[in-house]
$ cat upload_19.txt   # compact mmCIF, C-alpha atoms
# COMPACT_ATOMS: atom_id res chain seq x y z
CA MET A 1 26.73 19.22 -1.14
CA SER A 2 26.02 18.32 2.49
CA PRO A 3 22.76 16.50 3.38
CA SER A 4 21.41 19.60 5.16
CA ASN A 5 22.20 21.86 2.19
CA PHE A 6 20.70 19.33 -0.21
CA ALA A 7 17.48 19.19 1.85
CA LEU A 8 17.35 23.00 1.77
CA TYR A 9 17.88 22.91 -1.99
CA ILE A 10 14.99 20.46 -2.40
CA HIS A 11 12.75 22.68 -0.25
CA ILE A 12 13.61 25.85 -2.18
CA THR A 13 13.15 24.06 -5.52
CA SER A 14 9.74 22.85 -4.37
CA LEU A 15 8.71 26.36 -3.33
CA LEU A 16 9.91 27.76 -6.67
CA TRP A 17 7.94 25.14 -8.58
CA LEU A 18 4.80 25.95 -6.61
CA SER A 19 5.25 29.68 -7.20
CA LEU A 20 5.36 29.10 -10.97
CA THR A 21 2.19 27.00 -11.05
CA ASP A 22 -1.40 27.37 -9.94
CA ALA A 23 -1.07 24.48 -7.54
CA LYS A 24 -3.67 24.16 -4.81
CA ILE A 25 -2.07 22.22 -1.99
CA GLY A 26 -4.13 19.53 -0.34
CA TYR A 27 -3.54 16.44 1.79
CA PHE A 28 -4.94 12.95 2.11
CA TRP A 29 -4.30 10.04 4.43
CA HIS A 30 -3.61 6.51 3.23
CA ILE A 31 -4.35 3.81 5.81
CA THR A 32 -4.27 0.11 5.04
CA ASP A 33 -4.27 -3.41 6.47
CA LEU A 34 -5.61 -2.69 9.92
CA HIS A 35 -6.26 -6.42 10.51
CA TYR A 36 -8.45 -5.59 13.50
CA ASP A 37 -8.75 -8.56 15.86
CA PRO A 38 -11.63 -8.18 18.36
CA PHE A 39 -10.26 -11.23 20.21
CA HIS A 40 -6.80 -9.71 20.64
CA ASN A 41 -7.14 -9.52 24.41
CA SER A 42 -9.58 -12.38 24.97
CA PRO A 43 -7.64 -15.57 25.86
CA GLU A 44 -10.81 -17.58 26.29
CA PHE A 45 -11.52 -17.41 22.55
CA HIS A 46 -8.02 -18.57 21.55
CA ARG A 47 -8.14 -16.59 18.32
CA GLY A 48 -6.01 -13.45 18.46
CA CYS A 49 -2.38 -14.30 19.22
CA ARG A 50 -3.44 -17.90 19.88
CA HIS A 51 -0.07 -19.15 18.64
CA ASN A 52 1.85 -17.00 21.10
CA ARG A 53 0.18 -17.58 24.44
CA GLY A 54 2.09 -18.21 27.65
CA ASN A 55 5.42 -16.44 28.10
CA SER A 56 4.47 -13.51 25.86
CA GLU A 57 1.09 -12.93 27.50
CA HIS A 58 2.39 -9.79 29.21
CA ASN A 59 3.08 -8.23 25.82
CA HIS A 60 -0.58 -7.83 24.90
CA ARG A 61 -2.24 -7.88 28.33
CA ASN A 62 -4.64 -5.03 29.11
CA GLY A 63 -5.00 -4.12 25.44
CA ARG A 64 -1.33 -3.18 25.01
CA HIS A 65 0.08 -3.86 21.59
CA ARG A 66 3.75 -4.64 21.88
CA ASP A 67 3.97 -7.91 20.00
CA HIS A 68 4.80 -8.34 16.29
CA THR A 69 3.09 -11.74 16.26
CA CYS A 70 -0.36 -10.26 16.89
CA ASP A 71 -2.84 -8.42 14.68
CA SER A 72 -4.26 -5.05 15.73
CA SER A 73 -5.92 -4.61 19.10
CA TRP A 74 -8.67 -2.04 19.57
CA SER A 75 -6.20 0.16 21.47
CA LEU A 76 -3.89 0.17 18.43
CA ILE A 77 -6.81 1.21 16.17
CA GLN A 78 -7.71 3.97 18.63
CA SER A 79 -4.13 5.22 18.78
CA ALA A 80 -3.95 5.40 14.96
CA ALA A 81 -7.19 7.39 14.84
CA ALA A 82 -5.93 9.72 17.56
CA LEU A 83 -2.71 10.37 15.62
CA MET A 84 -4.63 11.21 12.45
CA ALA A 85 -6.97 13.51 14.37
CA GLU A 86 -4.00 15.25 16.01
CA ARG A 87 -2.09 15.72 12.71
CA HIS A 88 -5.21 16.82 10.83
CA PRO A 89 -4.22 19.43 8.16
CA ASP A 90 -6.78 22.17 7.48
CA THR A 91 -6.71 21.25 3.80
CA LEU A 92 -7.27 17.52 4.27
CA GLU A 93 -9.29 16.43 1.24
CA PHE A 94 -10.06 12.73 1.78
CA VAL A 95 -8.84 9.40 3.17
CA LEU A 96 -7.88 6.29 1.20
CA TRP A 97 -8.64 3.14 3.19
CA THR A 98 -7.31 0.17 1.24
CA GLY A 99 -8.71 -2.92 2.83
CA ASP A 100 -7.93 -5.93 4.97
CA ILE A 101 -9.89 -4.24 7.73
CA LEU A 102 -10.20 -7.50 9.64
CA SER A 103 -7.71 -10.03 10.93
CA SER A 104 -7.38 -13.28 8.99
CA SER A 105 -8.03 -15.05 12.31
CA LEU A 106 -11.72 -14.15 11.85
CA GLU A 107 -12.17 -16.30 8.76
CA HIS A 108 -14.35 -18.82 10.62
CA VAL A 109 -16.63 -16.40 12.47
CA SER A 110 -20.09 -15.47 11.19
CA ASP A 111 -20.69 -12.80 8.54
CA GLU A 112 -22.72 -10.84 11.08
CA PHE A 113 -19.79 -10.77 13.49
CA LYS A 114 -17.45 -9.59 10.72
CA LEU A 115 -19.84 -6.83 9.68
CA GLU A 116 -20.13 -5.66 13.28
CA ALA A 117 -16.32 -5.49 13.56
CA VAL A 118 -16.18 -3.48 10.31
CA ARG A 119 -18.89 -1.19 11.71
CA ASN A 120 -16.81 -0.52 14.82
CA VAL A 121 -13.83 0.57 12.71
CA THR A 122 -16.12 2.58 10.41
CA ASP A 123 -17.56 4.43 13.41
CA ILE A 124 -14.16 5.47 14.74
CA LEU A 125 -13.10 6.71 11.29
CA SER A 126 -16.39 8.61 10.97
CA ARG A 127 -15.69 10.38 14.24
CA THR A 128 -12.07 11.06 13.29
CA PHE A 129 -12.94 12.43 9.84
CA SER A 130 -16.30 14.06 10.49
CA SER A 131 -15.80 16.60 7.66
CA GLN A 132 -13.98 14.42 5.12
CA PHE A 133 -14.88 11.54 2.87
CA VAL A 134 -13.28 8.15 3.40
CA PHE A 135 -12.93 5.98 0.29
CA PRO A 136 -12.71 2.28 1.25
CA ALA A 137 -11.36 -0.55 -0.90
CA LEU A 138 -12.02 -4.19 -0.06
CA GLY A 139 -9.25 -6.64 0.86
CA HIS A 140 -9.32 -10.43 0.82
CA ASN A 141 -9.99 -10.58 4.59
CA ASP A 142 -13.07 -8.36 4.34
CA PRO A 143 -16.78 -9.13 3.91
CA PRO A 144 -17.87 -9.17 0.23
CA PRO A 145 -19.93 -6.32 -1.24
CA SER A 146 -23.46 -6.29 0.20
CA ARG A 147 -26.40 -4.03 0.95
CA LYS A 148 -25.28 -3.90 4.58
CA LEU A 149 -21.86 -2.56 3.60
CA VAL A 150 -23.57 -0.05 1.31
CA ASP A 151 -25.71 1.18 4.20
CA MET A 152 -22.61 1.43 6.37
CA TRP A 153 -20.56 3.46 3.88
CA MET A 154 -23.26 5.51 2.15
CA GLN A 155 -22.17 8.44 4.33
CA TRP A 156 -19.01 8.63 2.20
CA LEU A 157 -19.97 7.46 -1.28
CA PRO A 158 -22.29 9.10 -3.85
CA THR A 159 -25.23 7.21 -5.34
CA GLU A 160 -23.47 6.18 -8.57
CA ALA A 161 -20.51 4.84 -6.61
CA LEU A 162 -22.80 2.85 -4.31
CA GLN A 163 -24.44 1.16 -7.29
CA THR A 164 -21.24 -0.35 -8.69
CA PHE A 165 -19.91 -1.00 -5.19
CA GLU A 166 -22.93 -3.12 -4.27
CA THR A 167 -22.66 -5.25 -7.41
CA GLY A 168 -18.87 -5.57 -7.64
CA GLY A 169 -17.08 -3.72 -4.85
CA TYR A 170 -15.58 -1.06 -7.17
CA TYR A 171 -16.48 2.56 -7.88
CA THR A 172 -15.22 5.92 -9.04
CA ILE A 173 -15.26 9.33 -7.38
CA GLU A 174 -15.25 12.43 -9.56
CA GLN A 175 -14.12 15.55 -7.74
CA SER A 176 -16.43 18.46 -8.58
CA HIS A 177 -13.78 21.06 -7.70
CA SER A 178 -10.88 19.53 -9.64
CA LYS A 179 -9.86 17.39 -12.60
CA LEU A 180 -8.96 14.46 -10.35
CA CYS A 181 -10.91 11.20 -10.56
CA ILE A 182 -10.40 8.50 -7.90
CA VAL A 183 -10.90 4.95 -9.22
CA VAL A 184 -11.28 2.35 -6.47
CA LEU A 185 -10.86 -1.26 -7.65
CA ASN A 186 -11.85 -4.53 -6.03
CA SER A 187 -8.59 -6.47 -6.38
CA VAL A 188 -10.21 -9.51 -4.73
CA LEU A 189 -12.04 -10.15 -8.03
CA TRP A 190 -8.69 -10.58 -9.78
CA ALA A 191 -7.00 -12.71 -7.11
CA GLY A 192 -6.79 -16.47 -6.72
CA GLY A 193 -9.94 -18.47 -7.30
CA ALA A 194 -12.18 -15.42 -7.82
CA ALA A 195 -10.59 -14.77 -11.22
CA ARG A 196 -10.97 -18.32 -12.55
CA ASN A 197 -13.35 -18.88 -15.45
CA ASP A 198 -15.21 -21.62 -13.55
CA ASN A 199 -15.87 -19.39 -10.54
CA PRO A 200 -19.53 -18.27 -10.32
CA HIS A 201 -18.36 -14.72 -9.61
CA HIS A 202 -16.09 -14.63 -12.67
CA HIS A 203 -18.59 -12.35 -14.45
CA ARG A 204 -17.95 -9.69 -11.80
CA ALA A 205 -14.24 -9.78 -12.55
CA ARG A 206 -14.95 -9.42 -16.26
CA ALA A 207 -17.39 -6.58 -15.62
CA GLN A 208 -14.75 -4.73 -13.60
CA TRP A 209 -12.29 -4.91 -16.53
CA GLU A 210 -14.88 -3.48 -18.91
CA TRP A 211 -15.88 -0.80 -16.43
CA LEU A 212 -12.26 0.22 -15.73
CA GLU A 213 -11.40 0.77 -19.38
CA LYS A 214 -14.57 2.83 -19.87
CA VAL A 215 -13.73 4.98 -16.85
CA LEU A 216 -10.14 5.58 -18.02
CA SER A 217 -11.27 6.32 -21.58
CA LYS A 218 -13.80 8.82 -20.25
CA ALA A 219 -11.14 10.48 -18.10
CA ARG A 220 -8.92 10.86 -21.15
CA ARG A 221 -11.72 12.49 -23.13
CA LYS A 222 -12.49 14.88 -20.26
CA LYS A 223 -8.78 15.61 -19.72
CA GLU A 224 -8.98 14.35 -16.15
CA MET A 225 -6.23 12.71 -14.11
CA VAL A 226 -6.83 9.45 -12.27
CA TYR A 227 -5.72 7.83 -9.02
CA LEU A 228 -5.90 4.02 -9.13
CA VAL A 229 -6.64 2.70 -5.64
CA ALA A 230 -6.95 -0.92 -4.51
CA HIS A 231 -5.96 -3.31 -1.78
CA ALA A 232 -3.48 -5.23 -3.96
CA GLY A 233 -1.75 -3.86 -7.02
CA PRO A 234 0.42 -5.30 -9.78
CA GLY A 235 3.82 -6.84 -9.17
CA VAL A 236 5.36 -9.47 -6.94
CA GLU A 237 6.37 -9.43 -3.30
CA GLU A 238 10.08 -9.99 -2.73
CA ARG A 239 9.58 -13.16 -0.67
CA HIS A 240 7.05 -14.83 -3.00
CA ASN A 241 7.43 -16.66 -6.28
CA ALA A 242 5.77 -14.63 -9.00
CA GLY A 243 2.37 -15.97 -9.88
CA SER A 244 2.64 -19.04 -7.64
CA SER A 245 -0.53 -20.57 -6.30
CA SER A 246 0.41 -19.67 -2.74
CA ALA A 247 0.97 -16.03 -3.59
CA ALA A 248 -2.18 -15.74 -5.69
CA GLY A 249 -4.22 -17.46 -3.01
CA GLY A 250 -3.14 -14.87 -0.44
CA GLY A 251 -4.68 -11.92 -2.26
CA GLU A 252 -2.08 -11.56 -5.03
CA LEU A 253 -3.38 -10.97 -8.54
CA THR A 254 -3.37 -14.00 -10.82
CA PRO A 255 -0.74 -13.94 -13.59
CA ASN A 256 -3.41 -13.18 -16.21
CA ALA A 257 -4.97 -10.40 -14.14
CA ASN A 258 -1.56 -8.94 -13.31
CA GLY A 259 -0.55 -8.87 -16.97
CA ARG A 260 -3.85 -7.36 -18.08
CA LEU A 261 -3.73 -4.65 -15.43
CA LEU A 262 -0.19 -3.72 -16.49
CA HIS A 263 -1.40 -3.46 -20.10
CA VAL A 264 -4.23 -1.13 -19.03
CA ILE A 265 -1.84 1.01 -16.97
CA ARG A 266 0.58 1.36 -19.89
CA THR A 267 -2.27 2.20 -22.27
CA TYR A 268 -3.64 4.93 -20.03
CA SER A 269 -0.43 6.07 -18.34
CA ASP A 270 -1.01 9.59 -19.67
CA VAL A 271 -4.06 9.99 -17.41
CA ILE A 272 -2.94 7.95 -14.37
CA ALA A 273 -1.47 10.41 -11.88
CA GLY A 274 -0.68 7.78 -9.26
CA GLN A 275 -1.40 4.32 -7.90
CA PHE A 276 -1.95 3.56 -4.21
CA TYR A 277 -2.01 0.08 -2.75
CA GLY A 278 -1.52 -1.82 0.50
CA HIS A 279 -1.52 -5.61 1.04
CA ARG A 280 2.26 -6.13 1.24
CA HIS A 281 2.63 -4.93 4.85
CA ALA A 282 5.72 -3.10 3.62
CA ASP A 283 6.82 0.39 2.61
CA THR A 284 7.94 0.12 -1.00
CA PHE A 285 7.14 1.19 -4.56
CA ARG A 286 6.66 -0.32 -8.00
CA LEU A 287 7.43 1.01 -11.49
CA ILE A 288 5.73 0.26 -14.81
CA TYR A 289 7.67 0.65 -18.06
CA SER A 290 6.70 0.99 -21.71
CA ASP A 291 9.35 0.57 -24.42
CA GLY A 292 12.00 0.71 -21.71
CA GLN A 293 10.84 4.03 -20.27
CA PRO A 294 9.20 4.47 -16.84
CA VAL A 295 5.61 5.62 -17.45
CA SER A 296 3.79 5.02 -14.15
CA TRP A 297 4.48 4.46 -10.48
CA ALA A 298 2.73 2.80 -7.55
CA LEU A 299 3.39 3.65 -3.91
CA LEU A 300 2.65 0.88 -1.41
CA ALA A 301 1.87 1.96 2.14
CA PRO A 302 2.82 -0.16 5.16
CA SER A 303 0.18 -1.79 7.30
CA VAL A 304 -1.27 -0.69 10.62
CA THR A 305 -0.94 -4.25 11.91
CA PRO A 306 2.62 -5.24 12.82
CA ARG A 307 1.92 -8.83 11.82
CA GLY A 308 2.29 -10.19 8.30
CA ALA A 309 2.49 -13.43 6.37
CA GLY A 310 6.18 -14.24 6.54
CA SER A 311 7.20 -10.77 7.69
CA ILE A 312 6.78 -8.29 10.50
CA SER A 313 6.94 -4.51 10.63
CA ASN A 314 6.08 -1.60 12.83
CA PRO A 315 2.62 -0.06 12.26
CA GLY A 316 2.56 2.79 9.74
CA LEU A 317 0.27 5.64 8.62
CA ARG A 318 0.90 7.88 5.62
CA LEU A 319 -0.10 11.50 4.92
CA TYR A 320 0.21 12.64 1.30
CA LYS A 321 0.71 16.19 0.05
CA PHE A 322 -0.63 16.82 -3.45
CA ASP A 323 -1.81 19.41 -5.94
CA SER A 324 -5.56 18.98 -5.61
CA ASN A 325 -6.16 20.65 -8.98
CA SER A 326 -4.06 18.25 -11.06
CA GLY A 327 -3.64 15.30 -8.71
CA LYS A 328 0.16 15.52 -8.85
CA VAL A 329 1.65 13.97 -5.73
CA LEU A 330 4.22 16.32 -4.21
CA ASP A 331 5.38 14.41 -1.14
CA TYR A 332 4.31 12.30 1.80
CA THR A 333 5.10 12.02 5.49
CA GLN A 334 5.38 8.52 6.92
CA TYR A 335 4.40 7.97 10.56
CA TYR A 336 5.25 4.89 12.58
CA LEU A 337 4.69 3.29 15.97
CA ASP A 338 7.49 1.40 17.70
CA VAL A 339 5.50 -1.38 19.33
CA THR A 340 8.58 -2.77 21.08
CA ASN A 341 9.22 0.31 23.21
CA ASN A 342 9.47 -0.45 26.90
CA ARG A 343 7.39 2.49 28.10
CA GLY A 344 4.11 0.67 27.54
CA GLU A 345 2.86 3.62 25.45
CA LEU A 346 1.36 3.78 21.97
CA HIS A 347 3.31 6.80 20.76
CA TRP A 348 3.41 7.58 17.02
CA SER A 349 6.31 9.51 15.50
CA ILE A 350 7.38 10.83 12.11
CA GLU A 351 9.58 8.26 10.42
CA TYR A 352 10.59 10.24 7.33
CA ASN A 353 9.55 12.63 4.57
CA LEU A 354 9.77 11.05 1.10
CA THR A 355 11.58 13.74 -0.91
CA GLN A 356 14.03 14.61 1.87
CA TYR A 357 14.70 11.00 2.86
CA TYR A 358 15.67 9.88 -0.63
CA GLY A 359 16.78 13.25 -2.02
CA LEU A 360 14.10 13.41 -4.73
CA ARG A 361 13.37 16.54 -6.75
CA GLU A 362 9.82 15.35 -7.42
CA VAL A 363 7.57 12.33 -7.19
CA SER A 364 7.44 10.91 -10.71
CA ALA A 365 8.12 7.69 -12.60
CA THR A 366 11.43 9.14 -13.81
CA SER A 367 12.64 10.18 -10.35
CA LEU A 368 11.60 6.87 -8.79
CA ASP A 369 13.33 4.99 -11.62
CA ALA A 370 16.53 6.87 -10.76
CA LEU A 371 15.99 5.93 -7.10
CA ALA A 372 15.64 2.26 -8.06
CA GLU A 373 19.00 2.43 -9.84
CA ARG A 374 20.58 3.92 -6.72
CA ILE A 375 19.06 1.13 -4.62
CA ARG A 376 20.56 -1.44 -7.02
CA ASN A 377 24.07 0.00 -6.69
CA TYR A 378 25.67 -2.55 -4.37
CA HIS A 379 28.72 -0.36 -3.79
CA ASP A 380 26.61 2.52 -2.42
CA ARG A 381 24.96 0.92 0.59
CA GLY A 382 23.60 4.18 2.00
CA ILE A 383 20.45 4.42 -0.12
CA PHE A 384 19.74 0.69 0.11
CA ALA A 385 20.14 0.84 3.90
CA LYS A 386 17.54 3.62 3.98
CA TYR A 387 15.22 1.61 1.75
CA LEU A 388 15.59 -1.54 3.86
CA THR A 389 14.93 0.43 7.06
CA ALA A 390 11.79 1.98 5.60
CA LEU A 391 10.63 -1.32 4.08
CA ARG A 392 9.84 -2.78 7.52
CA VAL A 393 9.02 0.58 9.10
CA ARG A 394 12.02 1.14 11.32
CA LEU A 395 12.49 -2.40 12.52
CA SER A 396 16.13 -3.13 13.30
CA THR A 397 17.74 -4.18 10.02
CA ASP A 398 21.32 -5.22 9.39
CA VAL A 399 22.11 -4.28 5.80
CA SER A 400 25.09 -6.64 5.85
CA ASP A 401 22.61 -9.54 5.91
CA CYS A 402 21.56 -8.60 2.38
CA ASP A 403 24.27 -9.45 -0.16
CA ALA A 404 24.44 -8.38 -3.82
CA ALA A 405 21.96 -11.08 -4.88
CA CYS A 406 19.51 -10.01 -2.18
CA VAL A 407 19.80 -6.37 -3.26
CA TYR A 408 19.09 -7.37 -6.83
CA VAL A 409 15.92 -9.29 -5.91
CA HIS A 410 14.61 -6.09 -4.28
CA TYR A 411 15.49 -4.17 -7.44
CA CYS A 412 13.73 -6.75 -9.61
CA ALA A 413 10.59 -6.55 -7.46
CA ILE A 414 10.54 -2.74 -7.80
CA THR A 415 11.16 -2.59 -11.55
CA ARG A 416 9.66 -5.83 -12.93
CA ALA A 417 5.93 -5.78 -12.17
CA ASP A 418 5.22 -8.49 -14.73
CA TYR A 419 5.58 -11.92 -13.13
CA ASN A 420 7.58 -13.42 -16.00
CA ASP A 421 9.80 -10.35 -16.20
CA PHE A 422 10.51 -10.66 -12.48
CA ARG A 423 11.53 -14.29 -12.87
CA MET A 424 13.79 -13.45 -15.80
CA CYS A 425 15.29 -10.59 -13.81
CA VAL A 426 16.30 -12.80 -10.88
CA ARG A 427 17.35 -15.57 -13.25
CA ASN A 428 20.08 -13.45 -14.86
CA PRO A 429 21.53 -11.29 -12.08
CA ALA A 430 25.14 -12.40 -12.67
CA SER A 431 25.46 -10.75 -16.07
CA ALA A 432 23.45 -7.73 -14.98
CA LEU A 433 25.56 -7.18 -11.89
CA ALA A 434 28.93 -8.30 -13.25
CA SER A 435 30.20 -4.75 -13.59
CA ARG A 436 28.91 -3.81 -10.15
CA ALA A 437 29.92 -6.73 -7.93
CA PRO A 438 31.97 -9.37 -9.76
CA HIS A 439 33.29 -10.88 -6.56
CA ASN A 440 29.73 -11.82 -5.57
CA SER A 441 28.83 -13.50 -8.87
CA ALA A 442 28.86 -17.02 -7.39
CA ALA A 443 26.48 -16.00 -4.62
CA ILE A 444 24.27 -14.26 -7.17
CA ILE A 445 24.03 -17.36 -9.37
CA LEU A 446 23.31 -19.58 -6.35
CA TYR A 447 20.57 -17.24 -5.17
CA ALA A 448 18.96 -17.23 -8.63
CA ILE A 449 19.10 -21.05 -8.79
CA LEU A 450 17.38 -21.32 -5.40
CA ILE A 451 14.58 -19.03 -6.58
CA LEU A 452 14.08 -21.07 -9.75
CA ILE A 453 14.02 -24.36 -7.83
CA SER A 454 11.33 -23.06 -5.46
CA SER A 455 9.17 -21.61 -8.24
$ encode --input "upload_19.txt" --output "structure tokens"
Amino acid sequence: MSPSNFALYIHITSLLWLSLTDAKIGYFWHITDLHYDPFHNSPEFHRGCRHNRGNSEHNHRNGRHRDHTCDSSWSLIQSAAALMAERHPDTLEFVLWTGDILSSSLEHVSDEFKLEAVRNVTDILSRTFSSQFVFPALGHNDPPPSRKLVDMWMQWLPTEALQTFETGGYYTIEQSHSKLCIVVLNSVLWAGGAARNDNPHHHRARAQWEWLEKVLSKARRKKEMVYLVAHAGPGVEERHNAGSSSAAGGGELTPNANGRLLHVIRTYSDVIAGQFYGHRHADTFRLIYSDGQPVSWALLAPSVTPRGAGSISNPGLRLYKFDSNSGKVLDYTQYYLDVTNNRGELHWSIEYNLTQYYGLREVSATSLDALAERIRNYHDRGIFAKYLTALRVRLSTDVSDCDAACVYVHYCAITRADYNDFRMCVRNPASALASRAPHNSAAIILYAILILISS
């Protein structure tokens, strides 16, 4: 079957499925990791892009954003808002805004300055989505929960949500017109030092665990479906050592928190309709298994900022299509901005549509598990090339730079959300891949040894 015929088949199958159900089609945006830097175009402060002054000054002069070494300028934030306003579906239900609103370069400025920067971004989103609710989650670069943040976001959150947000930065949204419940977590409480027993805020982390299980148990009793939403989710980033102090200190969940969250997800996988995270600055997905079977998925959206810790990407925005009655995700459209274009414009384009791009019949743990197996197949480079291109949001990528061992590390990151499982996965790639790429077994073993030495 040709690619065009297969895409038509997918479209017709989707229409047939919708005709046989009572699906009510809705949409929601997922935006994450803006990393807004108010000093982006202010050389006198030496904050934004301070490490890349001089020869590259022309790249971000006059508010232009054409440099992958810089966090988001105000003009980039404005362009993202303009794109979302322009592509505004009539049935847009809400917006997920998953944290790291501010650039890490602001870590030494006053809390008042940070809050004012958050207010500026809040105001532009309020104008962009004047008829929709925006559900924010806190990232590790953001101000902690406070009365001032409550006052800023009370336009979007109901009273009960504001109460738990003020005390812990987490809340739940129950949709009155559907059986979908949106659970927004504060992943900062489970990351790095915040999750340690000797931390004075440890009680907030413990309270969030207790609250989460109560919310999920209640959803099960009421036969509701749940979206889990947070800045950082379970699993390891391909470039980091699972559970290392450096990874956990950068917003990653601690090993204990990661393991406990996976246990909760497995326990309540029957009511979790989807998980939505940011933090990685990459377009990827994660799978959770129980007794060897895929039971839940997480989709990670790429960042608006092109800058990352150890990686770069083009800015991305994501528009989901879903059944607003059941919460079932049907598809998404990924938008991107090529910040290296020579026209000096901030022009967003459609990068791809999920089901058509990967040839998926549906968005489910089973279908994404099958996709992961196709990505692992070293002899079929087509799907992996697509994945690698999407991972960094259309940055130029040479798939030949990623050998069989490299492919397998990506596969392990997708399918082994537990830190120990990930390490075991990359430790034994030779036997796992022997039937697929025996001629690369030496390289595979060497790659695994290097990972173990650095862990």
$ residues_around --input "upload_19.txt" --residues "Ser400 (chain A)" --least-positions-apart "6" --cutoff "12 Å" --atoms "all atoms listed in the file" --output "list in words"
Tyr378, Arg381, Gly382, Phe384, Ala385, Leu388, Cys406 and Val407 of chain A
$ atom_distance --input "upload_19.txt" --atom1 "CA of Pro144 (chain A)" --atom2 "CA of Asp71 (chain A)"
20.9 Å
$ atom_distance --input "upload_19.txt" --atom1 "CA of Ser73 (chain A)" --atom2 "CA of Ala390 (chain A)"
23.2 Å
$ atom_distance --input "upload_19.txt" --atom1 "CA of Asp100 (chain A)" --atom2 "CA of His410 (chain A)"
24.4 Å
$ closest_atom_pairs --input "upload_19.txt" --of "region 160-243 of chain A" --to "region 118-138 of chain A" --cutoff "10 Å" --atoms "all atoms listed in the file" --output "JSON lines"
{"residue": "A:Phe165", "atom": "CA", "partner": "A:Ala137", "partner_atom": "CA", "distance": 9.6}
{"residue": "A:Gly169", "atom": "CA", "partner": "A:Leu138", "partner_atom": "CA", "distance": 7.0}
{"residue": "A:Tyr170", "atom": "CA", "partner": "A:Ala137", "partner_atom": "CA", "distance": 7.6}
{"residue": "A:Tyr171", "atom": "CA", "partner": "A:Ala137", "partner_atom": "CA", "distance": 9.2}
{"residue": "A:Thr172", "atom": "CA", "partner": "A:Phe135", "partner_atom": "CA", "distance": 9.6}
{"residue": "A:Ile173", "atom": "CA", "partner": "A:Phe135", "partner_atom": "CA", "distance": 8.7}
{"residue": "A:Ile182", "atom": "CA", "partner": "A:Phe135", "partner_atom": "CA", "distance": 8.9}
{"residue": "A:Val183", "atom": "CA", "partner": "A:Phe135", "partner_atom": "CA", "distance": 9.8}
{"residue": "A:Val184", "atom": "CA", "partner": "A:Ala137", "partner_atom": "CA", "distance": 6.3}
{"residue": "A:Leu185", "atom": "CA", "partner": "A:Ala137", "partner_atom": "CA", "distance": 6.8}
{"residue": "A:Asn186", "atom": "CA", "partner": "A:Leu138", "partner_atom": "CA", "distance": 6.0}
{"residue": "A:Ser187", "atom": "CA", "partner": "A:Leu138", "partner_atom": "CA", "distance": 7.5}
{"residue": "A:Val188", "atom": "CA", "partner": "A:Leu138", "partner_atom": "CA", "distance": 7.3}
{"residue": "A:Leu189", "atom": "CA", "partner": "A:Leu138", "partner_atom": "CA", "distance": 10.0}
{"residue": "A:Val229", "atom": "CA", "partner": "A:Ala137", "partner_atom": "CA", "distance": 7.4}
{"residue": "A:Ala230", "atom": "CA", "partner": "A:Ala137", "partner_atom": "CA", "distance": 5.7}
{"residue": "A:His231", "atom": "CA", "partner": "A:Ala137", "partner_atom": "CA", "distance": 6.1}
{"residue": "A:Ala232", "atom": "CA", "partner": "A:Leu138", "partner_atom": "CA", "distance": 9.4}
$ closest_residue --input "upload_19.txt" --among "A:Ala257, A:Tyr411, A:Leu262, A:Thr267" --to "Leu216 (chain A)" --atoms "all atoms listed in the file"
A:Thr267
$ decode --input "upload_19.txt" --residues "region 368-374 of chain A" --atoms "N, CA, C and O atoms" --output "mmCIF file, in the first residue's frame"
data_model
loop_
_atom_site.group_PDB
_atom_site.id
_atom_site.type_symbol
_atom_site.label_atom_id
_atom_site.label_comp_id
_atom_site.auth_asym_id
_atom_site.auth_seq_id
_atom_site.Cartn_x
_atom_site.Cartn_y
_atom_site.Cartn_z
ATOM 1 N N LEU A 368 1.291 2.600 20.341
ATOM 2 C CA LEU A 368 2.585 3.235 20.566
ATOM 3 C C LEU A 368 3.667 2.205 20.916
ATOM 4 O O LEU A 368 4.844 2.397 20.598
ATOM 5 N N ASP A 369 3.266 1.101 21.542
ATOM 6 C CA ASP A 369 4.209 0.006 21.781
ATOM 7 C C ASP A 369 4.676 -0.582 20.449
ATOM 8 O O ASP A 369 5.862 -0.874 20.262
ATOM 9 N N ALA A 370 3.735 -0.758 19.517
ATOM 10 C CA ALA A 370 4.105 -1.261 18.190
ATOM 11 C C ALA A 370 5.026 -0.276 17.476
ATOM 12 O O ALA A 370 5.967 -0.678 16.779
ATOM 13 N N LEU A 371 4.769 1.034 17.661
ATOM 14 C CA LEU A 371 5.644 2.049 17.071
ATOM 15 C C LEU A 371 7.048 1.965 17.662
ATOM 16 O O LEU A 371 8.045 2.071 16.933
ATOM 17 N N ALA A 372 7.142 1.756 18.972
ATOM 18 C CA ALA A 372 8.455 1.624 19.611
ATOM 19 C C ALA A 372 9.238 0.455 19.023
ATOM 20 O O ALA A 372 10.462 0.547 18.815
ATOM 21 N N GLU A 373 8.562 -0.654 18.741
ATOM 22 C CA GLU A 373 9.233 -1.806 18.136
ATOM 23 C C GLU A 373 9.728 -1.472 16.737
ATOM 24 O O GLU A 373 10.803 -1.923 16.316
ATOM 25 N N ARG A 374 8.961 -0.681 16.008
ATOM 26 C CA ARG A 374 9.396 -0.277 14.665
ATOM 27 C C ARG A 374 10.596 0.665 14.750
ATOM 28 O O ARG A 374 11.502 0.604 13.914
#
